[in-house]
Amino acid sequence: MRFLLDAEQRAFADSLDAMLTAADTPATVRQWSRGEHASGRALWSRIAEAGVFALAVPEAYEGLGPRPVELAVAFVELGRHAVPGPLVETVTAAVLLGGLENPGPAKRLLPALVAGEAMATLAWEAPYALDGDAATTRLALTPDDLRLSPGHGPVRPSLDPARRLTPLEPGGELLSPHPPTAQALALARLTTAAQALGVGLALLGQTVGHVRRRTQFGVPIGSFQAVKHRLADAKIALEFARPLVLGAALTLAPADVAAAKVAACEAAYATARTALQLHGAIGYTAEFDLSLWLTKARALRTAWGSPDICRAEVLLSGGDRRW
């Protein structure tokens, strides 16, 4: 089976790519890492104007969705440009809110998420949430209920400086005693996989450009066979992951999404290791923009389910995939 984007989806991806290229996202990422959110919020509003968050919200709440394929297309571009902020958490929160039996919280909270006037974060049965200091809607999901958290604690550092972790304050408004979580988790893993695919593609592109410019013994290092093999392996892994991500977007089956997340995140992580090695000493410096994608690839690998957890879900589904 072939998974190809139609003309409208390709145009959507191209428009996001052009908008984010002009936005100088590396500078925005570095400011976000320091807790300076002004430029990040401005970029967030432009992403919302492009309709990205509306793709996760039902039409009844001023959205366009759910449209998981278009969301996957969008998140590849968001990952390609290393856009900071609780992107996955916002669309996951939108799915959770849109699926509640009581429509009151959705009517109150979702239109602002669609318009980019608010951003959401989510602590999913865990003590920390991503960017709780920047989010205006903070959800805390436990095995017993879904609540709107009244605030957050101090910021904690993470592997990726742009992924700032904060504990959410307990208590708060009860939104649902038994929220539907299966579709929300599937979309969280799907958008994480798509974001990782975009990160991997960016790392590959930057590394190809570097080995064409960097010379040793009077020739570009990209002409060396060992370098070509490493880049070819990275390219193949990313291209094998792409149809899995798009296929999972079509089905949203838990096993398909888990398989896509493993493939995309492992491909991005392997590409990050290749990029780090082929950039040599400059690849290890935080001042070099490559580091913004390197740390994100590592963080996304374990976000919303580690490789072992996702592999186990594929195997327990009874499928014949081997990851």
# chains A, B, ... in the order shown; residues from 1 in each chain; ligands from 1
call {"tool": "residues_around", "arguments": {"residues": "Arg189 of chain A", "least_positions_apart": "2", "cutoff": "12 Å", "atoms": "only C-alpha atoms", "output": "PyMOL selection string"}}
result
chain A and resi 68+71-72+75+88-89+91-92+182-187+191-196+245+248-249+252-265+300-307+309-310
call {"tool": "select_by_dssp", "arguments": {"residues": "segment 94-258 of chain A", "states": "strand (DSSP E)", "output": "ChimeraX atom specification"}}
result
/A:120-124,128-130,137-141,146-148,165-167,173-176,215-216,219-220
call {"tool": "closest_residue", "arguments": {"among": "A:Pro161, A:Gly172, A:Gly151, A:Gly318", "to": "Gln31 of chain A", "atoms": "only C-alpha atoms"}}
result
A:Pro161
call {"tool": "select_by_dssp", "arguments": {"residues": "segment 98-314 of chain A", "states": "alpha helix (DSSP H)", "output": "PyMOL selection string"}}
result
chain A and resi 98+104-115+182-213+225-251+254-278+290-302+307-314
call {"tool": "closest_residue", "arguments": {"among": "A:Val211, A:Ala135, A:Val52, A:Leu87", "to": "Ala188 of chain A", "atoms": "only C-alpha atoms"}}
result
A:Leu87
call {"tool": "decode", "arguments": {"residues": "segment 289-320 of chain A", "atoms": "N, CA and C atoms", "output": "short mmCIF file (atom, residue, chain, number, x, y, z; two decimals), in the first residue's frame"}}
result
data_model
loop_
_atom_site.label_atom_id
_atom_site.label_comp_id
_atom_site.auth_asym_id
_atom_site.auth_seq_id
_atom_site.Cartn_x
_atom_site.Cartn_y
_atom_site.Cartn_z
N ASP A 289 23.40 25.53 16.53
CA ASP A 289 21.96 25.28 16.42
C ASP A 289 21.61 23.80 16.28
N LEU A 290 22.53 22.99 15.80
CA LEU A 290 22.26 21.57 15.67
C LEU A 290 21.80 20.97 17.00
N SER A 291 22.30 21.50 18.12
CA SER A 291 21.97 20.95 19.43
C SER A 291 20.48 21.04 19.73
N LEU A 292 19.79 22.00 19.13
CA LEU A 292 18.36 22.16 19.39
C LEU A 292 17.57 20.96 18.87
N TRP A 293 18.04 20.38 17.78
CA TRP A 293 17.39 19.20 17.23
C TRP A 293 17.92 17.92 17.88
N LEU A 294 19.19 17.89 18.25
CA LEU A 294 19.76 16.70 18.88
C LEU A 294 19.05 16.38 20.19
N THR A 295 18.89 17.38 21.04
CA THR A 295 18.26 17.13 22.34
C THR A 295 16.77 16.81 22.18
N LYS A 296 16.14 17.40 21.19
CA LYS A 296 14.72 17.11 20.97
C LYS A 296 14.51 15.67 20.50
N ALA A 297 15.40 15.18 19.64
CA ALA A 297 15.29 13.80 19.18
C ALA A 297 15.39 12.83 20.35
N ARG A 298 16.31 13.12 21.27
CA ARG A 298 16.47 12.23 22.43
C ARG A 298 15.26 12.31 23.36
N ALA A 299 14.71 13.50 23.56
CA ALA A 299 13.57 13.64 24.46
C ALA A 299 12.30 13.00 23.88
N LEU A 300 12.07 13.16 22.59
CA LEU A 300 10.87 12.60 21.97
C LEU A 300 10.90 11.07 21.96
N ARG A 301 12.08 10.50 22.00
CA ARG A 301 12.21 9.04 21.96
C ARG A 301 11.46 8.37 23.10
N THR A 302 11.43 8.99 24.27
CA THR A 302 10.76 8.39 25.42
C THR A 302 9.47 9.10 25.81
N ALA A 303 9.14 10.20 25.14
CA ALA A 303 7.89 10.90 25.45
C ALA A 303 6.68 10.08 25.02
N TRP A 304 5.68 10.02 25.86
CA TRP A 304 4.42 9.33 25.56
C TRP A 304 4.62 7.84 25.26
N GLY A 305 5.57 7.25 25.96
CA GLY A 305 5.79 5.81 25.80
C GLY A 305 7.16 5.51 25.25
N SER A 306 7.97 4.84 26.04
CA SER A 306 9.33 4.49 25.62
C SER A 306 9.28 3.47 24.49
N PRO A 307 10.41 3.26 23.79
CA PRO A 307 10.43 2.23 22.75
C PRO A 307 10.01 0.85 23.26
N ASP A 308 10.43 0.49 24.47
CA ASP A 308 10.06 -0.82 25.02
C ASP A 308 8.56 -0.92 25.25
N ILE A 309 7.96 0.15 25.77
CA ILE A 309 6.51 0.14 26.01
C ILE A 309 5.75 0.01 24.70
N CYS A 310 6.16 0.77 23.70
CA CYS A 310 5.46 0.73 22.41
C CYS A 310 5.66 -0.60 21.70
N ARG A 311 6.86 -1.17 21.78
CA ARG A 311 7.09 -2.48 21.18
C ARG A 311 6.21 -3.54 21.85
N ALA A 312 6.11 -3.46 23.17
CA ALA A 312 5.27 -4.42 23.89
C ALA A 312 3.81 -4.31 23.46
N GLU A 313 3.35 -3.08 23.22
CA GLU A 313 1.97 -2.91 22.78
C GLU A 313 1.74 -3.51 21.40
N VAL A 314 2.72 -3.39 20.53
CA VAL A 314 2.60 -4.00 19.20
C VAL A 314 2.55 -5.52 19.32
N LEU A 315 3.42 -6.08 20.14
CA LEU A 315 3.46 -7.53 20.29
C LEU A 315 2.20 -8.06 20.95
N LEU A 316 1.69 -7.35 21.94
CA LEU A 316 0.49 -7.81 22.63
C LEU A 316 -0.75 -7.69 21.77
N SER A 317 -0.67 -6.89 20.70
CA SER A 317 -1.83 -6.75 19.82
C SER A 317 -2.07 -8.01 19.00
N GLY A 318 -1.07 -8.90 18.95
CA GLY A 318 -1.23 -10.12 18.17
C GLY A 318 -0.81 -9.96 16.74
N GLY A 319 -0.24 -8.77 16.37
CA GLY A 319 0.21 -8.56 15.00
C GLY A 319 1.51 -9.27 14.74
N ASP A 320 1.93 -9.26 13.49
CA ASP A 320 3.17 -9.95 13.13
C ASP A 320 4.30 -8.97 12.87
#
